[in-house]
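model-v1.json (JSON, C-alpha atoms) appears below.
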```json
[["chain", "number", "residue", "atom", "x", "y", "z"],
["A", 254, "ALA", "CA", 123.90, -12.67, 19.18],
["A", 255, "SER", "CA", 123.85, -15.99, 20.94],
["A", 256, "PRO", "CA", 120.64, -17.70, 22.04],
["A", 257, "SER", "CA", 121.44, -17.16, 25.66],
["A", 258, "ALA", "CA", 121.79, -13.47, 25.08],
["A", 259, "GLN", "CA", 118.46, -13.30, 23.24],
["A", 260, "ALA", "CA", 116.72, -15.24, 26.05],
["A", 261, "ALA", "CA", 118.13, -12.88, 28.60],
["A", 262, "SER", "CA", 116.89, -9.85, 26.62],
["A", 263, "THR", "CA", 113.29, -11.26, 26.29],
["A", 264, "GLY", "CA", 113.12, -12.60, 29.88],
["A", 265, "CYS", "CA", 112.47, -16.24, 28.83],
["A", 266, "ALA", "CA", 114.34, -19.26, 30.00],
["A", 267, "PRO", "CA", 116.92, -20.63, 27.64],
["A", 268, "GLY", "CA", 115.38, -23.17, 25.22],
["A", 269, "ALA", "CA", 111.75, -21.88, 25.73],
["A", 270, "GLU", "CA", 109.58, -20.23, 23.06],
["A", 271, "PRO", "CA", 109.85, -16.47, 23.13],
["A", 272, "VAL", "CA", 106.75, -14.51, 24.47],
["A", 273, "ASP", "CA", 105.09, -11.55, 22.59],
["A", 274, "PHE", "CA", 104.74, -9.07, 25.41],
["A", 275, "LYS", "CA", 102.90, -6.55, 23.18],
["A", 276, "ALA", "CA", 100.05, -8.94, 22.37],
["A", 277, "HIS", "CA", 99.98, -10.16, 25.95],
["A", 278, "HIS", "CA", 99.60, -6.61, 27.31],
["A", 279, "LYS", "CA", 96.91, -5.86, 24.69],
["A", 280, "VAL", "CA", 94.83, -8.80, 25.85],
["A", 281, "GLN", "CA", 95.18, -7.78, 29.47],
["A", 282, "ILE", "CA", 94.18, -4.17, 28.70],
["A", 283, "ASN", "CA", 91.14, -5.27, 26.69],
["A", 284, "SER", "CA", 90.00, -7.59, 29.45],
["A", 285, "ARG", "CA", 90.42, -4.88, 32.04],
["A", 286, "ILE", "CA", 88.49, -2.37, 29.86],
["A", 287, "LYS", "CA", 85.71, -4.89, 29.34],
["A", 288, "SER", "CA", 85.44, -5.57, 33.06],
["A", 289, "VAL", "CA", 85.39, -1.85, 33.89],
["A", 290, "LEU", "CA", 82.69, -1.20, 31.25],
["A", 291, "SER", "CA", 80.61, -4.12, 32.46],
["A", 292, "GLU", "CA", 80.82, -2.85, 36.04],
["A", 293, "CYS", "CA", 79.92, 0.73, 35.04],
["A", 294, "THR", "CA", 77.31, 0.18, 32.27],
["A", 295, "GLY", "CA", 76.12, -3.40, 32.87],
["A", 296, "ALA", "CA", 75.97, -6.30, 30.39],
["A", 297, "SER", "CA", 76.20, -5.63, 26.66],
["A", 298, "PHE", "CA", 73.29, -5.96, 24.20],
["A", 299, "LYS", "CA", 74.63, -9.24, 22.89],
["A", 300, "ASP", "CA", 74.86, -10.72, 26.39],
["A", 301, "ARG", "CA", 71.39, -9.51, 27.26],
["A", 302, "ALA", "CA", 70.00, -10.87, 23.98],
["A", 303, "ASN", "CA", 71.61, -14.24, 24.60],
["A", 304, "ALA", "CA", 70.23, -14.35, 28.16],
["A", 305, "ALA", "CA", 66.71, -13.39, 26.96],
["A", 306, "SER", "CA", 66.77, -15.98, 24.19],
["A", 307, "LYS", "CA", 67.89, -18.61, 26.63],
["A", 308, "GLU", "CA", 65.04, -17.72, 29.01],
["A", 309, "TYR", "CA", 62.52, -17.72, 26.12],
["A", 310, "ARG", "CA", 63.71, -21.12, 24.90],
["A", 311, "LYS", "CA", 63.30, -22.42, 28.42],
["A", 312, "ARG", "CA", 59.66, -21.17, 28.62],
["A", 313, "THR", "CA", 58.80, -22.47, 25.17],
["A", 314, "LYS", "CA", 60.25, -25.81, 26.09],
["A", 315, "LEU", "CA", 57.89, -25.97, 29.07],
["A", 316, "VAL", "CA", 54.88, -25.04, 26.87],
["A", 317, "GLU", "CA", 55.90, -27.58, 24.26],
["A", 318, "ASP", "CA", 56.21, -30.32, 26.85],
["A", 319, "HIS", "CA", 52.76, -29.39, 28.26],
["A", 320, "GLN", "CA", 51.16, -29.51, 24.77],
["A", 321, "LYS", "CA", 52.77, -32.86, 24.02],
["A", 322, "ARG", "CA", 51.46, -34.22, 27.27],
["A", 323, "LEU", "CA", 47.91, -32.98, 26.46],
["A", 324, "ILE", "CA", 48.06, -34.55, 22.98],
["A", 325, "GLU", "CA", 49.29, -37.86, 24.40],
["A", 326, "GLU", "CA", 46.46, -37.86, 26.98],
["A", 327, "ALA", "CA", 43.87, -37.08, 24.29],
["A", 328, "LEU", "CA", 45.18, -39.89, 22.10],
["A", 329, "ALA", "CA", 45.06, -42.28, 25.04],
["A", 330, "ARG", "CA", 41.43, -41.33, 25.79],
["A", 331, "ALA", "CA", 40.49, -41.68, 22.11],
["A", 332, "LYS", "CA", 42.09, -45.10, 21.83],
["A", 333, "ALA", "CA", 40.31, -46.21, 25.00],
["A", 334, "LYS", "CA", 36.87, -45.53, 23.41],
["A", 335, "PRO", "CA", 35.16, -48.07, 21.09],
["A", 336, "THR", "CA", 35.57, -47.45, 17.37],
["A", 337, "ASN", "CA", 32.36, -49.11, 16.13],
["A", 338, "SER", "CA", 28.74, -47.86, 16.44],
["A", 339, "PRO", "CA", 25.81, -50.04, 17.62],
["A", 340, "PHE", "CA", 23.21, -51.35, 15.21],
["A", 341, "ARG", "CA", 20.22, -49.03, 14.55],
["A", 342, "ASP", "CA", 16.91, -50.21, 15.94],
["A", 343, "LYS", "CA", 14.10, -51.01, 13.50],
["A", 344, "SER", "CA", 11.89, -48.33, 15.03],
["A", 345, "LEU", "CA", 14.49, -45.70, 14.12],
["A", 346, "THR", "CA", 14.54, -46.65, 10.45],
["A", 347, "PRO", "CA", 13.17, -43.73, 8.32],
["A", 348, "ALA", "CA", 10.07, -44.36, 6.27],
["A", 349, "SER", "CA", 10.37, -45.00, 2.55],
["A", 350, "MET", "CA", 8.96, -42.75, -0.16],
["A", 351, "GLU", "CA", 6.03, -45.10, -0.78],
["A", 352, "GLU", "CA", 5.16, -45.19, 2.92],
["A", 353, "ARG", "CA", 5.37, -41.40, 3.21],
["A", 354, "TYR", "CA", 3.16, -41.02, 0.10],
["A", 355, "ARG", "CA", 0.58, -43.42, 1.54],
["A", 356, "VAL", "CA", 0.50, -41.60, 4.91],
["A", 357, "ASN", "CA", 0.30, -38.18, 3.30],
["A", 358, "SER", "CA", -2.46, -39.35, 0.93],
["A", 359, "GLU", "CA", -4.55, -40.59, 3.85],
["A", 360, "LEU", "CA", -3.92, -37.36, 5.74],
["A", 361, "ARG", "CA", -4.89, -35.28, 2.71],
["A", 362, "LYS", "CA", -8.09, -37.27, 2.16],
["A", 363, "GLU", "CA", -8.99, -36.92, 5.82],
["A", 364, "LYS", "CA", -8.50, -33.16, 5.65],
["A", 365, "GLU", "CA", -10.56, -32.98, 2.45],
["A", 366, "ARG", "CA", -13.42, -34.88, 4.12],
["A", 367, "ALA", "CA", -13.22, -32.60, 7.16],
["A", 368, "PHE", "CA", -13.23, -29.50, 4.91],
["A", 369, "ALA", "CA", -16.21, -30.79, 2.91],
["A", 370, "GLN", "CA", -18.12, -31.56, 6.11],
["A", 371, "GLU", "CA", -17.33, -28.11, 7.52],
["A", 372, "ALA", "CA", -18.37, -26.44, 4.24],
["A", 373, "ALA", "CA", -21.66, -28.37, 4.25],
["A", 374, "GLU", "CA", -22.33, -27.39, 7.86],
["A", 375, "THR", "CA", -21.52, -23.76, 7.09],
["A", 376, "LYS", "CA", -23.88, -23.77, 4.11],
["A", 377, "GLN", "CA", -26.58, -25.40, 6.24],
["A", 378, "ARG", "CA", -26.18, -22.71, 8.89],
["A", 379, "LEU", "CA", -26.32, -19.96, 6.26],
["A", 380, "ASP", "CA", -29.42, -21.42, 4.63],
["A", 381, "THR", "CA", -31.30, -21.94, 7.90],
["A", 382, "ARG", "CA", -30.24, -18.87, 9.83],
["A", 383, "LYS", "CA", -32.80, -16.31, 10.87],
["A", 384, "PRO", "CA", -32.65, -13.00, 8.97],
["A", 385, "ILE", "CA", -31.40, -9.99, 10.86],
["A", 386, "PHE", "CA", -34.60, -8.06, 10.14],
["A", 387, "ASP", "CA", -38.09, -9.34, 9.39],
["A", 388, "LEU", "CA", -40.10, -8.03, 6.44],
["A", 389, "SER", "CA", -42.49, -6.29, 8.80],
["A", 390, "GLU", "CA", -39.64, -4.50, 10.55],
["A", 391, "VAL", "CA", -38.12, -3.44, 7.22],
["A", 392, "GLU", "CA", -41.48, -2.17, 5.97],
["A", 393, "ALA", "CA", -42.03, -0.26, 9.23],
["A", 394, "ALA", "CA", -38.53, 1.24, 8.92],
["A", 395, "PHE", "CA", -39.25, 2.41, 5.35],
["A", 396, "LYS", "CA", -42.53, 3.95, 6.45],
["A", 397, "GLU", "CA", -40.80, 5.72, 9.33],
["A", 398, "CYS", "CA", -38.12, 7.06, 6.98],
["A", 399, "LYS", "CA", -40.76, 8.30, 4.57],
["A", 400, "ARG", "CA", -42.72, 9.95, 7.41],
["A", 401, "ARG", "CA", -39.55, 11.66, 8.64],
["A", 402, "GLN", "CA", -38.76, 12.76, 5.11],
["A", 403, "VAL", "CA", -42.20, 14.34, 4.68],
["A", 404, "ALA", "CA", -41.97, 16.01, 8.09],
["A", 405, "HIS", "CA", -38.49, 17.33, 7.33],
["A", 406, "ARG", "CA", -39.61, 18.71, 3.98],
["A", 407, "LYS", "CA", -42.54, 20.40, 5.69],
["A", 408, "GLU", "CA", -40.22, 21.94, 8.26],
["A", 409, "LEU", "CA", -37.89, 23.16, 5.51],
["A", 410, "ARG", "CA", -40.81, 24.63, 3.56],
["A", 411, "GLU", "CA", -42.16, 26.41, 6.64],
["A", 412, "ASP", "CA", -38.68, 27.70, 7.48],
["A", 413, "GLU", "CA", -38.26, 28.98, 3.92],
["A", 414, "GLU", "CA", -41.62, 30.74, 4.09],
["A", 415, "ARG", "CA", -40.63, 32.38, 7.38],
["A", 416, "GLN", "CA", -37.34, 33.50, 5.89],
["A", 417, "TRP", "CA", -39.02, 34.97, 2.81],
["A", 418, "GLU", "CA", -41.61, 36.68, 5.00],
["A", 419, "HIS", "CA", -38.81, 38.16, 7.08],
["A", 420, "ILE", "CA", -37.03, 39.38, 3.93],
["A", 421, "ARG", "CA", -40.25, 40.94, 2.58],
["A", 422, "HIS", "CA", -40.81, 42.61, 5.94],
["A", 423, "LEU", "CA", -37.30, 44.03, 5.89],
["A", 424, "GLN", "CA", -37.75, 45.22, 2.30],
["A", 425, "GLN", "CA", -40.99, 46.91, 3.13],
["A", 426, "LYS", "CA", -39.47, 48.62, 6.12],
["A", 427, "VAL", "CA", -36.49, 49.77, 4.06],
["A", 428, "ILE", "CA", -38.57, 50.84, 1.04],
["A", 429, "ASP", "CA", -41.25, 52.65, 3.03],
["A", 430, "ARG", "CA", -38.60, 54.46, 5.00],
["A", 431, "PRO", "CA", -37.80, 57.84, 3.35],
["A", 432, "LEU", "CA", -34.27, 58.61, 2.24],
["A", 433, "LEU", "CA", -32.41, 61.61, 3.56],
["A", 434, "VAL", "CA", -32.16, 63.16, 0.08],
["A", 435, "GLU", "CA", -35.92, 62.80, -0.56],
["A", 436, "ASN", "CA", -39.02, 64.35, 0.91],
["A", 437, "TYR", "CA", -41.34, 62.25, 2.93],
["A", 438, "HIS", "CA", -44.23, 62.83, 0.45],
["A", 439, "ARG", "CA", -43.50, 62.43, -3.23],
["A", 440, "PRO", "CA", -45.08, 64.67, -5.84],
["A", 441, "GLU", "CA", -48.45, 63.66, -7.26],
["A", 442, "HIS", "CA", -47.14, 62.99, -10.80],
["A", 443, "MET", "CA", -44.50, 60.56, -9.39],
["A", 444, "ARG", "CA", -46.89, 58.38, -7.43],
["A", 445, "SER", "CA", -48.24, 56.55, -10.52],
["A", 446, "LEU", "CA", -44.76, 55.53, -11.69],
["A", 447, "PRO", "CA", -43.36, 52.12, -10.56],
["A", 448, "GLU", "CA", -41.05, 52.15, -7.65],
["A", 449, "LEU", "CA", -37.65, 51.42, -9.13],
["A", 450, "ARG", "CA", -36.31, 50.15, -5.87],
["A", 451, "LEU", "CA", -38.98, 47.41, -5.88],
["A", 452, "VAL", "CA", -37.76, 46.05, -9.23],
["A", 453, "PRO", "CA", -35.02, 43.38, -8.78],
["A", 454, "ASN", "CA", -31.70, 44.22, -10.32],
["A", 455, "HIS", "CA", -31.49, 41.00, -12.39],
["A", 456, "SER", "CA", -34.74, 41.93, -14.23],
["A", 457, "LYS", "CA", -33.68, 45.48, -15.10],
["A", 458, "GLU", "CA", -32.30, 46.23, -18.57],
["A", 459, "THR", "CA", -28.69, 47.27, -18.80],
["A", 460, "VAL", "CA", -27.64, 50.49, -20.46],
["A", 461, "MET", "CA", -26.26, 48.62, -23.48],
["A", 462, "GLU", "CA", -29.48, 46.64, -23.95],
["A", 463, "THR", "CA", -31.51, 49.86, -23.80],
["A", 464, "GLN", "CA", -29.28, 51.51, -26.44],
["A", 465, "ILE", "CA", -29.52, 48.45, -28.73],
["A", 466, "LEU", "CA", -33.34, 48.31, -28.47],
["A", 467, "ASN", "CA", -33.62, 52.03, -29.20],
["A", 468, "GLY", "CA", -31.23, 51.63, -32.16],
["A", 469, "VAL", "CA", -33.01, 48.69, -33.85],
["A", 470, "GLU", "CA", -36.40, 50.44, -33.50],
["A", 471, "HIS", "CA", -35.16, 53.58, -35.22],
["A", 472, "LYS", "CA", -36.47, 54.35, -38.73],
["A", 473, "ASP", "CA", -32.99, 54.58, -40.26],
["A", 474, "PHE", "CA", -32.09, 51.05, -39.12],
["A", 475, "LEU", "CA", -35.39, 49.57, -40.26],
["A", 476, "GLU", "CA", -35.00, 51.08, -43.79],
["A", 477, "SER", "CA", -31.34, 50.02, -44.11],
["A", 478, "ALA", "CA", -30.20, 46.87, -45.98],
["A", 479, "TRP", "CA", -29.03, 45.16, -42.78],
["A", 480, "GLY", "CA", -32.32, 45.98, -41.05],
["A", 481, "LYS", "CA", -34.22, 44.34, -43.92],
["A", 482, "GLU", "CA", -31.86, 41.33, -43.77],
["A", 483, "VAL", "CA", -32.50, 41.01, -40.03],
["A", 484, "GLU", "CA", -36.24, 41.17, -40.63],
["A", 485, "SER", "CA", -36.05, 38.41, -43.29],
["A", 486, "ILE", "CA", -33.92, 36.23, -40.97],
["A", 487, "ARG", "CA", -36.47, 36.72, -38.21],
["A", 488, "GLU", "CA", -39.30, 35.83, -40.61],
["A", 489, "ARG", "CA", -37.54, 32.61, -41.72],
["A", 490, "GLN", "CA", -36.91, 31.62, -38.10],
["A", 491, "ASN", "CA", -40.56, 32.12, -37.15],
["A", 492, "SER", "CA", -41.89, 30.19, -40.21],
["A", 493, "ARG", "CA", -39.53, 27.17, -40.13],
["A", 494, "THR", "CA", -40.64, 23.75, -38.85],
["A", 495, "PRO", "CA", -39.89, 23.29, -35.15],
["A", 496, "LEU", "CA", -37.28, 20.69, -34.28],
["A", 497, "SER", "CA", -39.81, 18.89, -32.09],
["A", 498, "LYS", "CA", -42.01, 18.16, -35.16],
["A", 499, "ILE", "CA", -39.25, 16.77, -37.39],
["A", 500, "ALA", "CA", -39.26, 12.96, -37.68],
["A", 501, "TYR", "CA", -35.83, 11.37, -37.39],
["A", 502, "PRO", "CA", -35.06, 7.72, -38.20],
["A", 503, "PRO", "CA", -34.01, 5.68, -35.19],
["A", 504, "LYS", "CA", -30.29, 5.43, -34.80],
["A", 505, "VAL", "CA", -28.89, 1.95, -35.16],
["A", 506, "PHE", "CA", -25.93, 1.21, -32.95],
["A", 507, "PRO", "CA", -23.54, -1.47, -34.19],
["A", 508, "PRO", "CA", -23.20, -4.40, -31.78],
["A", 509, "LYS", "CA", -20.12, -4.29, -29.65],
["A", 510, "VAL", "CA", -17.91, -7.28, -30.18],
["A", 511, "SER", "CA", -15.53, -7.89, -27.33],
["A", 512, "GLY", "CA", -12.41, -9.94, -27.91],
["A", 513, "PRO", "CA", -11.32, -12.86, -25.83],
["A", 514, "ARG", "CA", -10.24, -12.04, -22.32],
["A", 515, "ALA", "CA", -6.48, -11.95, -21.84],
["A", 516, "LEU", "CA", -5.42, -14.50, -19.26],
["A", 517, "MET", "CA", -2.89, -13.73, -16.60],
["A", 518, "PRO", "CA", 0.25, -15.91, -16.31],
["A", 519, "ILE", "CA", -1.05, -17.49, -13.10],
["A", 520, "GLU", "CA", -4.35, -18.34, -14.86],
["A", 521, "VAL", "CA", -2.48, -20.00, -17.74],
["A", 522, "GLN", "CA", -0.48, -22.10, -15.27],
["A", 523, "MET", "CA", -3.63, -23.06, -13.32],
["A", 524, "HIS", "CA", -5.43, -24.00, -16.59],
["A", 525, "ALA", "CA", -2.49, -26.21, -17.61],
["A", 526, "VAL", "CA", -2.35, -27.90, -14.20],
["A", 527, "THR", "CA", -6.11, -28.49, -13.86],
["A", 528, "HIS", "CA", -6.25, -30.21, -17.27],
["A", 529, "GLN", "CA", -3.66, -32.81, -16.33],
["A", 530, "ALA", "CA", -4.73, -36.41, -15.80],
["A", 531, "TRP", "CA", -3.69, -36.69, -12.16],
["A", 532, "PHE", "CA", -5.75, -33.63, -11.22],
["A", 533, "GLN", "CA", -8.82, -34.76, -13.16],
["A", 534, "LYS", "CA", -8.76, -38.04, -11.21],
["A", 535, "SER", "CA", -8.44, -36.39, -7.80],
["A", 536, "ASP", "CA", -11.26, -35.93, -5.28],
["A", 537, "TRP", "CA", -10.91, -32.14, -5.37],
["A", 538, "ALA", "CA", -11.54, -32.09, -9.14],
["A", 539, "GLU", "CA", -14.73, -34.08, -8.59],
["A", 540, "LYS", "CA", -15.76, -31.62, -5.85],
["A", 541, "VAL", "CA", -15.08, -28.67, -8.18],
["A", 542, "ARG", "CA", -17.26, -30.23, -10.91],
["A", 543, "GLU", "CA", -20.10, -30.70, -8.41],
["A", 544, "ILE", "CA", -19.82, -27.06, -7.26],
["A", 545, "ARG", "CA", -19.85, -25.86, -10.88],
["A", 546, "GLN", "CA", -22.90, -28.02, -11.67],
["A", 547, "ARG", "CA", -24.78, -26.59, -8.67],
["A", 548, "MET", "CA", -23.91, -23.06, -9.80],
["A", 549, "ASP", "CA", -25.19, -23.78, -13.33],
["A", 550, "ASP", "CA", -28.41, -25.40, -12.05],
["A", 551, "ARG", "CA", -29.43, -22.66, -9.61],
["A", 552, "PRO", "CA", -32.02, -20.06, -10.82],
["A", 553, "LYS", "CA", -30.71, -16.86, -12.34],
["A", 554, "LEU", "CA", -31.09, -13.64, -10.37],
["A", 555, "HIS", "CA", -33.04, -11.93, -13.16],
["A", 556, "GLU", "CA", -35.49, -14.86, -13.27],
["A", 557, "ILE", "CA", -36.33, -14.76, -9.54],
["A", 558, "SER", "CA", -39.62, -13.02, -8.68],
["A", 559, "TYR", "CA", -39.44, -10.54, -5.81],
["A", 560, "PRO", "CA", -42.32, -9.06, -3.77],
["A", 561, "PRO", "CA", -43.46, -5.60, -4.89],
["A", 562, "LYS", "CA", -41.71, -2.69, -3.24],
["A", 563, "HIS", "CA", -43.98, -0.45, -1.14]]
```

The structure in this file should be written as structure tokens.
Amino acid sequence: ASPSAQAASTGCAPGAEPVDFKAHHKVQINSRIKSVLSECTGASFKDRANAASKEYRKRTKLVEDHQKRLIEEALARAKAKPTNSPFRDKSLTPASMEERYRVNSELRKEKERAFAQEAAETKQRLDTRKPIFDLSEVEAAFKECKRRQVAHRKELREDEERQWEHIRHLQQKVIDRPLLVENYHRPEHMRSLPELRLVPNHSKETVMETQILNGVEHKDFLESAWGKEVESIRERQNSRTPLSKIAYPPKVFPPKVSGPRALMPIEVQMHAVTHQAWFQKSDWAEKVREIRQRMDDRPKLHEISYPPKH
């Protein structure tokens, strides 16, 4: 076919490029479908995501600009301040180790002198204080206690006598009162016999003791071999030397030897520290030696004479 015929069949002008109506209609249909869907359902997820990201980038850009501005202002303020510090005054200079040692030594010595003075004053007050009770008051108190003790013992003795008298009175009333199973007057041959009810129960012989006494006094037991052996044992016991008359040699007790006292760890450390040269030269070591000398020179308690006790 000729080119003019082909152009007439496709609807294009002669000499122009032919148009693909199928692709053109497809594009138009897709655009129309997209517009209808957007009108009915709104924007797609991709469009909404792009819009949200654009809005977020806009907000972050504002925050970033604000932070940059704050940093620039801070840098400007920092650069406006001086970068060097002023010289320290001499009064603010810290003390050296030697100066601190000298000050602390003077302070320690002052405290030691104050403590020694206070200890001396305390000892003076203790030595010169008036006793709580005088000897006359103490002696009067002992006499009063002794008088009360004697009076209390007398009261107890009188109370005991009253109680025993009351018990004897009750016993007499009970014993003299006739029993229901007895007659008021006993027979004549019974009146000479001891009243068994007057004998205490602890002094009465038991049935077993009565049987044993009757058995050992029987002729058959006395003539038996064991009876003769018992008699010989009794004879030897009666003729032997009493223990109170035997002379015994005095018992000699060996002297008790005690070992050295075990020191505690803290005592070992204190012993090691107190024997060092710096401690021996200190004022406190001298004070300790004086205290120990006074303790050694004072009279022993067992050598002090006391007034006789009344």

Atom CA of A:Ala393 to atom CA of A:Glu556: how many Å, to one decimal? 27.6 Å

Grab the atom CA of A:Trp537 to atom CA of A:Met523 distance for me, in Å with one decimal place.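 Computing the Euclidean distance for atom CA of A:Trp537 and atom CA of A:Met523 yields 14.1 Å.
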
Can you measure atom CA of A:Leu345 to atom CA of A:Asn357 for me? One decimal in Å is fine.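 Between atom CA of A:Leu345 and atom CA of A:Asn357 the gap works out to 19.4 Å.
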